[in-house]
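Novice: Input structure: my_file08.json, which contains JSON, C-alpha atoms.
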```
[["chain", "number", "residue", "atom", "x", "y", "z"],
["Z", 24, "MET", "CA", 15.88, -180.85, -1.12],
["Z", 25, "TYR", "CA", 12.27, -182.03, -0.98],
["Z", 26, "ILE", "CA", 10.48, -183.11, 2.16],
["Z", 27, "CYS", "CA", 6.93, -184.48, 1.68],
["Z", 28, "GLY", "CA", 6.64, -182.59, -1.60],
["Z", 29, "LYS", "CA", 7.73, -179.28, -0.09],
["Z", 30, "LEU", "CA", 10.56, -177.48, -1.82],
["Z", 31, "ILE", "CA", 13.33, -176.54, 0.56],
["Z", 32, "GLY", "CA", 16.00, -174.30, -0.99],
["Z", 33, "LEU", "CA", 16.75, -173.75, -4.66],
["Z", 34, "THR", "CA", 15.64, -175.96, -7.50],
["Z", 35, "ASN", "CA", 17.29, -177.00, -10.73],
["Z", 36, "THR", "CA", 13.96, -177.55, -12.46],
["Z", 37, "ASP", "CA", 14.33, -174.74, -15.01],
["Z", 38, "ARG", "CA", 17.79, -175.91, -16.05],
["Z", 39, "GLN", "CA", 16.77, -179.59, -16.11],
["Z", 40, "TYR", "CA", 13.61, -178.82, -18.09],
["Z", 41, "ASP", "CA", 15.64, -176.88, -20.67],
["Z", 42, "GLU", "CA", 18.20, -179.71, -20.96],
["Z", 43, "VAL", "CA", 15.44, -182.22, -21.71],
["Z", 44, "ILE", "CA", 13.78, -179.89, -24.22],
["Z", 45, "ASP", "CA", 17.13, -179.17, -25.91],
["Z", 46, "GLN", "CA", 17.57, -182.90, -26.48],
["Z", 47, "CYS", "CA", 14.01, -183.24, -27.79],
["Z", 48, "ARG", "CA", 14.34, -180.21, -30.05],
["Z", 49, "GLU", "CA", 17.61, -181.52, -31.50],
["Z", 50, "THR", "CA", 15.92, -184.84, -32.34],
["Z", 51, "PHE", "CA", 12.94, -182.97, -33.82],
["Z", 52, "LYS", "CA", 15.29, -180.78, -35.87],
["Z", 53, "LEU", "CA", 17.31, -183.70, -37.26],
["Z", 54, "LYS", "CA", 14.17, -185.69, -38.12],
["Z", 55, "THR", "CA", 12.74, -182.61, -39.82],
["Z", 56, "ILE", "CA", 15.90, -182.34, -41.90],
["Z", 57, "ASP", "CA", 15.60, -186.06, -42.77],
["Z", 58, "TYR", "CA", 11.84, -186.24, -43.38],
["Z", 59, "GLY", "CA", 10.60, -182.68, -43.75],
["Z", 60, "THR", "CA", 7.22, -182.08, -42.15],
["Z", 61, "ALA", "CA", 5.56, -185.21, -43.54],
["Z", 62, "TRP", "CA", 3.89, -185.64, -40.13],
["Z", 63, "ARG", "CA", 1.67, -182.66, -41.05],
["Z", 64, "ILE", "CA", -0.54, -185.08, -42.98],
["Z", 65, "LEU", "CA", -1.53, -186.77, -39.70],
["Z", 66, "ARG", "CA", -4.78, -185.82, -38.04],
["Z", 67, "PRO", "CA", -4.47, -184.91, -34.35],
["Z", 68, "SER", "CA", -6.20, -188.22, -33.49],
["Z", 69, "SER", "CA", -3.41, -190.12, -35.27],
["Z", 70, "LEU", "CA", -0.81, -188.28, -33.19],
["Z", 71, "THR", "CA", -2.82, -189.11, -30.07],
["Z", 72, "ASP", "CA", -2.63, -192.77, -31.04],
["Z", 73, "GLN", "CA", 1.12, -192.50, -31.70],
["Z", 74, "ILE", "CA", 1.63, -191.09, -28.19],
["Z", 75, "LEU", "CA", -0.60, -193.86, -26.83],
["Z", 76, "ILE", "CA", 1.61, -196.52, -28.45],
["Z", 77, "LYS", "CA", 4.71, -195.00, -26.83],
["Z", 78, "ALA", "CA", 3.04, -194.75, -23.40],
["Z", 79, "TYR", "CA", 1.78, -198.36, -23.58],
["Z", 80, "ARG", "CA", 5.30, -199.55, -24.42],
["Z", 81, "ILE", "CA", 6.72, -197.66, -21.44],
["Z", 82, "ARG", "CA", 4.10, -199.19, -19.15],
["Z", 83, "SER", "CA", 4.72, -202.66, -20.56],
["Z", 84, "ILE", "CA", 8.45, -202.36, -19.91],
["Z", 85, "GLN", "CA", 7.82, -201.01, -16.41],
["Z", 86, "GLU", "CA", 5.48, -203.90, -15.59],
["Z", 87, "LYS", "CA", 7.55, -206.68, -17.18],
["Z", 88, "GLY", "CA", 10.91, -205.33, -16.04],
["Z", 89, "MET", "CA", 12.43, -206.17, -19.41],
["Z", 90, "MET", "CA", 12.24, -205.37, -23.10],
["Z", 91, "LYS", "CA", 12.92, -207.32, -26.27],
["Z", 92, "VAL", "CA", 13.53, -204.31, -28.53],
["Z", 93, "ASN", "CA", 16.76, -202.63, -27.46],
["Z", 94, "GLU", "CA", 15.33, -199.11, -27.13],
["Z", 95, "GLY", "CA", 14.88, -197.79, -23.60],
["Z", 96, "ILE", "CA", 12.01, -195.82, -22.17],
["Z", 97, "GLU", "CA", 14.00, -192.58, -22.31],
["Z", 98, "GLY", "CA", 13.58, -192.50, -26.08],
["Z", 99, "GLU", "CA", 9.87, -193.20, -25.71],
["Z", 100, "PHE", "CA", 9.39, -190.28, -23.30],
["Z", 101, "LEU", "CA", 11.37, -188.08, -25.69],
["Z", 102, "ALA", "CA", 9.08, -189.15, -28.54],
["Z", 103, "ILE", "CA", 6.01, -188.41, -26.40],
["Z", 104, "ILE", "CA", 7.28, -184.85, -25.95],
["Z", 105, "ASN", "CA", 7.84, -184.32, -29.66],
["Z", 106, "TYR", "CA", 4.56, -185.97, -30.69],
["Z", 107, "SER", "CA", 2.76, -183.75, -28.15],
["Z", 108, "VAL", "CA", 4.27, -180.66, -29.77],
["Z", 109, "MET", "CA", 3.31, -181.97, -33.20],
["Z", 110, "ALA", "CA", -0.27, -182.53, -32.00],
["Z", 111, "MET", "CA", -0.44, -178.98, -30.66],
["Z", 112, "ILE", "CA", 0.86, -177.70, -34.01],
["Z", 113, "GLN", "CA", -1.85, -179.68, -35.77],
["Z", 114, "LEU", "CA", -4.48, -178.13, -33.49],
["Z", 115, "LYS", "CA", -3.13, -174.65, -34.25],
["Z", 116, "TYR", "CA", -2.65, -175.14, -38.00],
["Z", 117, "ASP", "CA", -5.50, -177.10, -39.50],
["Z", 118, "VAL", "CA", -4.50, -180.29, -41.30],
["Z", 119, "GLU", "CA", -6.91, -179.40, -44.08],
["Z", 120, "ASP", "CA", -4.89, -176.34, -45.10],
["Z", 121, "ALA", "CA", -2.81, -178.67, -47.33],
["Z", 122, "ASN", "CA", 0.44, -177.10, -46.11],
["Z", 123, "TYR", "CA", 2.16, -180.40, -45.41],
["Z", 124, "ASP", "CA", 5.56, -179.02, -46.29],
["Z", 125, "MET", "CA", 5.94, -176.23, -43.73],
["Z", 126, "ASN", "CA", 9.02, -174.06, -43.80],
["Z", 127, "LYS", "CA", 11.56, -175.63, -41.43],
["Z", 128, "ASP", "CA", 12.48, -172.34, -39.75],
["Z", 129, "GLU", "CA", 8.80, -171.55, -39.22],
["Z", 130, "VAL", "CA", 8.10, -174.98, -37.71],
["Z", 131, "PHE", "CA", 11.07, -174.60, -35.32],
["Z", 132, "GLN", "CA", 9.75, -171.19, -34.21],
["Z", 133, "ILE", "CA", 6.29, -172.68, -33.61],
["Z", 134, "TYR", "CA", 7.89, -175.60, -31.73],
["Z", 135, "ASP", "CA", 9.80, -173.16, -29.50],
["Z", 136, "ALA", "CA", 6.72, -171.00, -28.84],
["Z", 137, "LEU", "CA", 4.57, -173.99, -27.86],
["Z", 138, "VAL", "CA", 7.27, -175.42, -25.61],
["Z", 139, "SER", "CA", 7.78, -172.01, -24.00],
["Z", 140, "GLU", "CA", 4.04, -171.73, -23.31],
["Z", 141, "THR", "CA", 4.02, -175.27, -21.88],
["Z", 142, "LYS", "CA", 7.05, -174.56, -19.69],
["Z", 143, "SER", "CA", 5.31, -171.46, -18.34],
["Z", 144, "LEU", "CA", 2.30, -173.61, -17.43],
["Z", 145, "MET", "CA", 4.68, -176.03, -15.70],
["Z", 146, "ALA", "CA", 6.24, -173.20, -13.68],
["Z", 147, "ASP", "CA", 2.82, -172.01, -12.52],
["Z", 148, "LYS", "CA", 1.73, -175.51, -11.53],
["Z", 149, "ASN", "CA", 5.10, -176.19, -9.90],
["Z", 150, "HIS", "CA", 4.58, -173.11, -7.75],
["Z", 151, "ASP", "CA", 1.11, -174.21, -6.66],
["Z", 152, "TYR", "CA", 1.97, -177.88, -6.13],
["Z", 153, "SER", "CA", 5.45, -177.35, -4.63],
["Z", 154, "GLU", "CA", 7.05, -179.64, -7.22],
["Z", 155, "ALA", "CA", 5.15, -182.66, -5.91],
["Z", 156, "TRP", "CA", 6.19, -184.51, -9.08],
["Z", 157, "ARG", "CA", 9.64, -185.00, -7.56],
["Z", 158, "ASP", "CA", 8.07, -187.36, -5.01],
["Z", 159, "MET", "CA", 6.07, -189.25, -7.63],
["Z", 160, "ARG", "CA", 7.02, -192.56, -9.18],
["Z", 161, "ILE", "CA", 7.84, -192.61, -12.89],
["Z", 162, "SER", "CA", 5.25, -195.38, -13.25],
["Z", 163, "SER", "CA", 2.60, -192.98, -11.89],
["Z", 164, "MET", "CA", 3.64, -190.39, -14.47],
["Z", 165, "THR", "CA", 3.21, -193.04, -17.16],
["Z", 166, "ASP", "CA", -0.28, -193.82, -15.84],
["Z", 167, "LEU", "CA", -1.19, -190.12, -15.78],
["Z", 168, "ILE", "CA", -0.01, -189.76, -19.39],
["Z", 169, "LEU", "CA", -2.21, -192.74, -20.33],
["Z", 170, "MET", "CA", -5.19, -191.24, -18.47],
["Z", 171, "LYS", "CA", -4.70, -187.90, -20.27],
["Z", 172, "LEU", "CA", -4.59, -189.78, -23.59],
["Z", 173, "LEU", "CA", -7.86, -191.53, -22.82],
["Z", 174, "ARG", "CA", -9.36, -188.13, -21.98],
["Z", 175, "ILE", "CA", -8.07, -186.72, -25.27],
["Z", 176, "LYS", "CA", -9.58, -189.63, -27.18],
["Z", 177, "GLN", "CA", -12.94, -188.96, -25.53],
["Z", 178, "ILE", "CA", -12.71, -185.24, -26.32],
["Z", 179, "GLU", "CA", -11.85, -186.15, -29.92],
["Z", 180, "GLU", "CA", -14.91, -188.44, -30.01],
["Z", 181, "ASN", "CA", -16.93, -185.44, -28.80],
["Z", 182, "GLY", "CA", -15.75, -183.36, -31.73],
["Z", 183, "GLY", "CA", -13.20, -181.49, -29.61],
["Z", 184, "GLN", "CA", -15.89, -180.09, -27.31],
["Z", 185, "THR", "CA", -15.92, -180.18, -23.52],
["Z", 186, "LEU", "CA", -18.59, -179.07, -21.07],
["Z", 187, "ILE", "CA", -16.43, -178.29, -18.05],
["Z", 188, "SER", "CA", -13.04, -179.90, -18.61],
["Z", 189, "GLU", "CA", -9.77, -178.66, -20.04],
["Z", 190, "GLY", "CA", -9.44, -178.93, -23.79],
["Z", 191, "LEU", "CA", -7.09, -180.82, -26.05],
["Z", 192, "GLN", "CA", -4.10, -178.46, -25.87],
["Z", 193, "ALA", "CA", -4.11, -178.40, -22.05],
["Z", 194, "ASN", "CA", -4.03, -182.20, -21.99],
["Z", 195, "TYR", "CA", -1.17, -182.35, -24.50],
["Z", 196, "GLN", "CA", 0.71, -179.79, -22.39],
["Z", 197, "ASP", "CA", 0.24, -181.91, -19.26],
["Z", 198, "ILE", "CA", 1.47, -184.99, -21.15],
["Z", 199, "LEU", "CA", 4.53, -183.10, -22.35],
["Z", 200, "ASN", "CA", 5.30, -181.90, -18.83],
["Z", 201, "TYR", "CA", 4.88, -185.36, -17.27],
["Z", 202, "ALA", "CA", 7.25, -186.78, -19.90],
["Z", 203, "VAL", "CA", 9.82, -184.06, -19.10],
["Z", 204, "PHE", "CA", 9.48, -184.83, -15.38],
["Z", 205, "ALA", "CA", 9.99, -188.54, -16.05],
["Z", 206, "LEU", "CA", 13.14, -187.83, -18.06],
["Z", 207, "ILE", "CA", 14.47, -185.58, -15.31],
["Z", 208, "GLN", "CA", 13.89, -188.32, -12.75],
["Z", 209, "LEU", "CA", 15.51, -190.93, -14.99],
["Z", 210, "SER", "CA", 18.55, -188.65, -15.40],
["Z", 211, "GLU", "CA", 18.76, -188.55, -11.59],
["Z", 212, "GLY", "CA", 18.80, -192.33, -11.41],
["Z", 213, "LYS", "CA", 15.23, -192.79, -10.20],
["Z", 214, "ASN", "CA", 12.97, -195.48, -11.60]]
```
As structure tokens, please, write out the structure in this file.
Specialist:
Amino acid sequence: MYICGKLIGLTNTDRQYDEVIDQCRETFKLKTIDYGTAWRILRPSSLTDQILIKAYRIRSIQEKGMMKVNEGIEGEFLAIINYSVMAMIQLKYDVEDANYDMNKDEVFQIYDALVSETKSLMADKNHDYSEAWRDMRISSMTDLILMKLLRIKQIEENGGQTLISEGLQANYQDILNYAVFALIQLSEGKN
């Protein structure tokens, strides 16, 4: 139970987080079987723009209260998670290394390691913020994802350099975590 953002009793966050990630990883795995790692040709900025498209669609549906393409926002949040992992992979393994066809088992291991690191960050922040995200609106999470994307675009324009702010990976991790939180809330019937 949550009262004014304060956690009272036990939480299901770890289990819920893992359930969302399992669904995302299964989609990532099946698409990798279908397409290989063709996405490796994309520059990180292209993946940023792909996430931006998904986030804008979510916001548009939230604001209009309807959609014309019969694909709900759940799939868009799922895609945001997977594109965020892909972007972090691209940051870790330079696009210029010409290894567009990564070994599938290796890419799954990298996926798992990056998600594990991001989940650990979530656990630390959850501790400090007392799972305040449970009291947030999904529309606010969408807006925060969009803000993080605009920050990433500015960092990219600055050649990946920051003076005082978090870098690219930290922003992708926050985006991934907000998308997981949104999917958890949607699974609980919140909107």
Novice: Residues at most 12 Å from Met170 in chain Z, counting all atoms listed in the file, excluding those fewer than 4 positions away in the same chain, as a count of residues only?
Specialist: 17
Novice: Can you tell me, as a PyMOL selection string, what residues are no more than 12 Å from range 123-140 of chain Z when counting all atoms listed in the file, ignoring any on the same chain fewer than 3 positions away?
Specialist: chain Z and resi 37+40-41+43-45+47-66+104-120+143-147+192-193+195-197+199-200+203
Novice: Would you work out the distance separating CA of Leu101 in chain Z from CA of Arg82 in chain Z, expressed in Å to one decimal?
Specialist: 14.8 Å
Novice: From the options Z:Glu211, Z:Ala202, Z:Ser153, Z:Thr36, which residue's atoms come nearest to Leu167 in chain Z, counting all atoms listed in the file?
Specialist: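 Using all atoms listed in the file, Leu167 in chain Z sits closest to Z:Ala202.
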Novice: Could you pull the residues within 10 Å of Gln39 in chain Z, counting only C-alpha atoms, minus those fewer than 6 positions along the same chain, as an MDAnalysis selection string?
Specialist: chainID Z and resid 45 203:204 206:208 210
Novice: One decimal, Å: what's the distance from CA of Leu169 in chain Z over to CA of Glu42 in chain Z, could you say?
Specialist: 24.2 Å
Novice: To one decimal place, how far is CA of Ser188 in chain Z from CA of Ser162 in chain Z in Å?
Specialist: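 Separation of CA of Ser188 in chain Z and CA of Ser162 in chain Z: 24.6 Å.
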Novice: I'd like to know which of Z:Glu179, Z:Asp72, Z:Glu99, Z:Glu154 is closest to Leu191 in chain Z, using all atoms listed in the file.
Specialist: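 Closest to Leu191 in chain Z of all the choices is Z:Glu179.
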